[in-house]
file my_file.cif (mmCIF, N, CA and C atoms)
data_data
loop_
_atom_site.group_PDB
_atom_site.id
_atom_site.type_symbol
_atom_site.label_atom_id
_atom_site.label_comp_id
_atom_site.auth_asym_id
_atom_site.auth_seq_id
_atom_site.Cartn_x
_atom_site.Cartn_y
_atom_site.Cartn_z
ATOM 1 N N MET S 1 130.535 131.256 86.869
ATOM 2 C CA MET S 1 129.664 130.765 85.824
ATOM 3 C C MET S 1 128.350 131.531 85.904
ATOM 4 N N ALA S 2 127.977 132.139 84.821
ATOM 5 C CA ALA S 2 126.742 132.918 84.771
ATOM 6 C C ALA S 2 125.565 132.030 84.371
ATOM 7 N N LEU S 3 124.408 132.328 84.948
ATOM 8 C CA LEU S 3 123.192 131.616 84.566
ATOM 9 C C LEU S 3 122.564 132.328 83.379
ATOM 10 N N ASN S 4 122.336 131.582 82.327
ATOM 11 C CA ASN S 4 121.714 132.151 81.141
ATOM 12 C C ASN S 4 120.247 131.770 81.116
ATOM 13 N N GLU S 5 119.398 132.747 80.917
ATOM 14 C CA GLU S 5 117.964 132.475 80.850
ATOM 15 C C GLU S 5 117.642 131.801 79.523
ATOM 16 N N THR S 6 116.978 130.671 79.618
ATOM 17 C CA THR S 6 116.577 129.963 78.402
ATOM 18 C C THR S 6 115.061 129.874 78.363
ATOM 19 N N HIS S 7 114.536 129.674 77.197
ATOM 20 C CA HIS S 7 113.089 129.563 77.011
ATOM 21 C C HIS S 7 112.770 128.275 76.262
ATOM 22 N N ARG S 8 113.552 127.238 76.548
ATOM 23 C CA ARG S 8 113.405 125.983 75.795
ATOM 24 C C ARG S 8 112.065 125.308 76.029
ATOM 25 N N TYR S 9 111.459 125.520 77.182
ATOM 26 C CA TYR S 9 110.237 124.801 77.510
ATOM 27 C C TYR S 9 109.007 125.700 77.570
ATOM 28 N N ASP S 10 109.108 126.897 77.060
ATOM 29 C CA ASP S 10 107.979 127.825 77.097
ATOM 30 C C ASP S 10 106.751 127.284 76.377
ATOM 31 N N ASP S 11 106.950 126.448 75.372
ATOM 32 C CA ASP S 11 105.810 125.940 74.602
ATOM 33 C C ASP S 11 105.028 124.859 75.360
ATOM 34 N N ILE S 12 105.626 124.235 76.360
ATOM 35 C CA ILE S 12 104.925 123.157 77.065
ATOM 36 C C ILE S 12 104.674 123.453 78.548
ATOM 37 N N ILE S 13 105.232 124.515 79.069
ATOM 38 C CA ILE S 13 105.191 124.750 80.510
ATOM 39 C C ILE S 13 103.773 124.917 81.045
ATOM 40 N N ASP S 14 102.856 125.439 80.269
ATOM 41 C CA ASP S 14 101.500 125.679 80.745
ATOM 42 C C ASP S 14 100.489 124.634 80.277
ATOM 43 N N LEU S 15 100.966 123.544 79.694
ATOM 44 C CA LEU S 15 100.056 122.495 79.261
ATOM 45 C C LEU S 15 99.525 121.743 80.486
ATOM 46 N N PRO S 16 98.298 121.232 80.413
ATOM 47 C CA PRO S 16 97.770 120.473 81.552
ATOM 48 C C PRO S 16 98.542 119.163 81.737
ATOM 49 N N HIS S 17 98.593 118.697 82.977
ATOM 50 C CA HIS S 17 99.285 117.450 83.280
ATOM 51 C C HIS S 17 98.535 116.278 82.642
ATOM 52 N N HIS S 18 99.271 115.368 82.061
ATOM 53 C CA HIS S 18 98.673 114.213 81.379
ATOM 54 C C HIS S 18 98.016 113.275 82.388
ATOM 55 N N ARG S 19 96.808 112.853 82.113
ATOM 56 C CA ARG S 19 96.101 111.834 82.905
ATOM 57 C C ARG S 19 95.752 110.691 81.960
ATOM 58 N N SER S 20 96.171 109.509 82.297
ATOM 59 C CA SER S 20 95.949 108.346 81.448
ATOM 60 C C SER S 20 94.465 108.021 81.355
ATOM 61 N N THR S 21 94.040 107.661 80.168
ATOM 62 C CA THR S 21 92.669 107.179 79.980
ATOM 63 C C THR S 21 92.638 105.653 80.072
ATOM 64 N N ARG S 22 93.790 105.037 80.048
ATOM 65 C CA ARG S 22 93.896 103.588 80.084
ATOM 66 C C ARG S 22 94.030 103.045 81.515
ATOM 67 N N HIS S 23 94.764 103.754 82.355
ATOM 68 C CA HIS S 23 95.014 103.303 83.723
ATOM 69 C C HIS S 23 94.370 104.272 84.711
ATOM 70 N N PRO S 24 93.729 103.752 85.765
ATOM 71 C CA PRO S 24 93.132 104.645 86.754
ATOM 72 C C PRO S 24 94.207 105.399 87.526
ATOM 73 N N HIS S 25 93.850 106.589 87.989
ATOM 74 C CA HIS S 25 94.776 107.416 88.746
ATOM 75 C C HIS S 25 95.062 106.761 90.097
ATOM 76 N N MET S 26 96.336 106.671 90.469
ATOM 77 C CA MET S 26 96.715 106.044 91.734
ATOM 78 C C MET S 26 96.573 107.062 92.865
ATOM 79 N N PRO S 27 95.894 106.696 93.943
ATOM 80 C CA PRO S 27 95.758 107.615 95.073
ATOM 81 C C PRO S 27 97.136 107.974 95.660
ATOM 82 N N MET S 28 97.251 109.177 96.224
ATOM 83 C CA MET S 28 98.517 109.656 96.778
ATOM 84 C C MET S 28 99.058 108.704 97.855
ATOM 85 N N ARG S 29 98.157 108.129 98.654
ATOM 86 C CA ARG S 29 98.592 107.204 99.711
ATOM 87 C C ARG S 29 99.307 105.993 99.113
ATOM 88 N N ASN S 30 98.787 105.468 98.034
ATOM 89 C CA ASN S 30 99.422 104.308 97.387
ATOM 90 C C ASN S 30 100.731 104.688 96.721
ATOM 91 N N ARG S 31 100.792 105.883 96.179
ATOM 92 C CA ARG S 31 102.034 106.332 95.543
ATOM 93 C C ARG S 31 103.135 106.453 96.578
ATOM 94 N N ALA S 32 102.815 107.015 97.739
ATOM 95 C CA ALA S 32 103.804 107.173 98.798
ATOM 96 C C ALA S 32 104.259 105.817 99.319
ATOM 97 N N ALA S 33 103.356 104.855 99.356
ATOM 98 C CA ALA S 33 103.677 103.537 99.883
ATOM 99 C C ALA S 33 104.735 102.823 99.040
ATOM 100 N N GLN S 34 104.889 103.202 97.792
ATOM 101 C CA GLN S 34 105.892 102.580 96.938
ATOM 102 C C GLN S 34 107.296 102.793 97.477
ATOM 103 N N PHE S 35 107.507 103.909 98.156
ATOM 104 C CA PHE S 35 108.844 104.276 98.583
ATOM 105 C C PHE S 35 109.107 103.974 100.054
ATOM 106 N N MET S 36 108.117 103.503 100.787
ATOM 107 C CA MET S 36 108.292 103.243 102.209
ATOM 108 C C MET S 36 109.336 102.165 102.507
ATOM 109 N N PRO S 37 109.433 101.085 101.743
ATOM 110 C CA PRO S 37 110.409 100.059 102.092
ATOM 111 C C PRO S 37 111.862 100.495 101.896
ATOM 112 N N PHE S 38 112.086 101.560 101.187
ATOM 113 C CA PHE S 38 113.439 102.003 100.890
ATOM 114 C C PHE S 38 114.117 102.548 102.144
ATOM 115 N N ALA S 39 115.259 102.004 102.495
ATOM 116 C CA ALA S 39 116.022 102.472 103.644
ATOM 117 C C ALA S 39 117.372 102.993 103.150
ATOM 118 N N ALA S 40 117.485 104.292 103.049
ATOM 119 C CA ALA S 40 118.709 104.896 102.538
ATOM 120 C C ALA S 40 119.872 104.691 103.509
ATOM 121 N N LEU S 41 119.558 104.677 104.796
ATOM 122 C CA LEU S 41 120.603 104.538 105.799
ATOM 123 C C LEU S 41 120.478 103.174 106.477
ATOM 124 N N THR S 42 121.101 102.181 105.903
ATOM 125 C CA THR S 42 121.041 100.838 106.447
ATOM 126 C C THR S 42 121.685 100.818 107.830
ATOM 127 N N GLY S 43 120.965 100.278 108.804
ATOM 128 C CA GLY S 43 121.482 100.196 110.158
ATOM 129 C C GLY S 43 121.172 101.396 111.026
ATOM 130 N N TYR S 44 120.566 102.419 110.467
ATOM 131 C CA TYR S 44 120.274 103.645 111.218
ATOM 132 C C TYR S 44 119.292 103.372 112.348
ATOM 133 N N ASP S 45 118.252 102.593 112.077
ATOM 134 C CA ASP S 45 117.272 102.265 113.116
ATOM 135 C C ASP S 45 117.925 101.510 114.269
ATOM 136 N N ASP S 46 118.837 100.599 113.957
ATOM 137 C CA ASP S 46 119.543 99.854 115.003
ATOM 138 C C ASP S 46 120.432 100.777 115.836
ATOM 139 N N ALA S 47 121.091 101.723 115.176
ATOM 140 C CA ALA S 47 121.942 102.667 115.893
ATOM 141 C C ALA S 47 121.111 103.553 116.811
ATOM 142 N N LEU S 48 119.959 104.001 116.350
ATOM 143 C CA LEU S 48 119.080 104.812 117.190
ATOM 144 C C LEU S 48 118.579 104.021 118.395
ATOM 145 N N ALA S 49 118.220 102.774 118.166
ATOM 146 C CA ALA S 49 117.745 101.932 119.260
ATOM 147 C C ALA S 49 118.847 101.717 120.294
ATOM 148 N N ALA S 50 120.079 101.543 119.847
ATOM 149 C CA ALA S 50 121.196 101.347 120.772
ATOM 150 C C ALA S 50 121.429 102.588 121.620
ATOM 151 N N VAL S 51 121.386 103.762 120.991
ATOM 152 C CA VAL S 51 121.559 105.017 121.733
ATOM 153 C C VAL S 51 120.413 105.210 122.712
ATOM 154 N N ALA S 52 119.205 104.932 122.283
ATOM 155 C CA ALA S 52 118.045 105.075 123.169
ATOM 156 C C ALA S 52 118.169 104.137 124.369
ATOM 157 N N GLU S 53 118.659 102.940 124.153
ATOM 158 C CA GLU S 53 118.837 101.991 125.252
ATOM 159 C C GLU S 53 119.885 102.499 126.243
ATOM 160 N N ARG S 54 120.999 103.057 125.712
ATOM 161 C CA ARG S 54 122.031 103.603 126.603
ATOM 162 C C ARG S 54 121.500 104.758 127.429
ATOM 163 N N VAL S 55 120.687 105.598 126.806
ATOM 164 C CA VAL S 55 120.119 106.755 127.504
ATOM 165 C C VAL S 55 119.170 106.261 128.595
ATOM 166 N N ARG S 56 118.367 105.242 128.295
ATOM 167 C CA ARG S 56 117.431 104.698 129.283
ATOM 168 C C ARG S 56 118.160 104.092 130.471
ATOM 169 N N THR S 57 119.284 103.435 130.232
ATOM 170 C CA THR S 57 120.011 102.795 131.326
ATOM 171 C C THR S 57 120.747 103.815 132.191
ATOM 172 N N GLN S 58 121.057 105.000 131.653
ATOM 173 C CA GLN S 58 121.734 106.046 132.422
ATOM 174 C C GLN S 58 120.776 106.774 133.351
ATOM 175 N N GLU S 59 119.501 106.722 133.084
ATOM 176 C CA GLU S 59 118.527 107.462 133.899
ATOM 177 C C GLU S 59 118.214 106.773 135.188
#
call {"tool": "encode", "arguments": {"input": "my_file.cif", "output": "structure tokens"}}
result
Amino acid sequence: MALNETHRYDDIIDLPHHRSTRHPHMPMRNRAAQFMPFAALTGYDDALAAVAERVRTQE
């Protein structure tokens, strides 16, 4: 499959990023905090703790 060069977005690619005049800009720290509770690998922390405990008991 060949990649074809397209120019579909040439008219908007260099436009400035939109900043709302209605809502204040959210600081980067707060934006990142939105995704902190998400755990993609359920049980991963428990598995790591179990392995760490086994390693500690072998020493």
call {"tool": "atom_distance", "arguments": {"input": "my_file.cif", "atom1": "atom CA of S:Arg19", "atom2": "atom CA of S:Arg31"}}
result
15.0 Å
call {"tool": "select_by_dssp", "arguments": {"input": "my_file.cif", "residues": "chain S", "states": "helix (DSSP H, G or I)", "output": "MDAnalysis selection string"}}
result
chainID S and resid 28:33 44:58
call {"tool": "atom_distance", "arguments": {"input": "my_file.cif", "atom1": "atom N of S:Gly43", "atom2": "atom CA of S:Met28"}}
result
27.1 Å
call {"tool": "axis_aligned_box", "arguments": {"input": "my_file.cif", "around": "stretch 18-32 of chain S", "padding_each_side": "6 Å", "output": "lines of an AutoDock Vina configuration file"}}
result
center_x = 98.4
center_y = 109.2
center_z = 89.8
size_x = 23.6
size_y = 24.3
size_z = 31.7
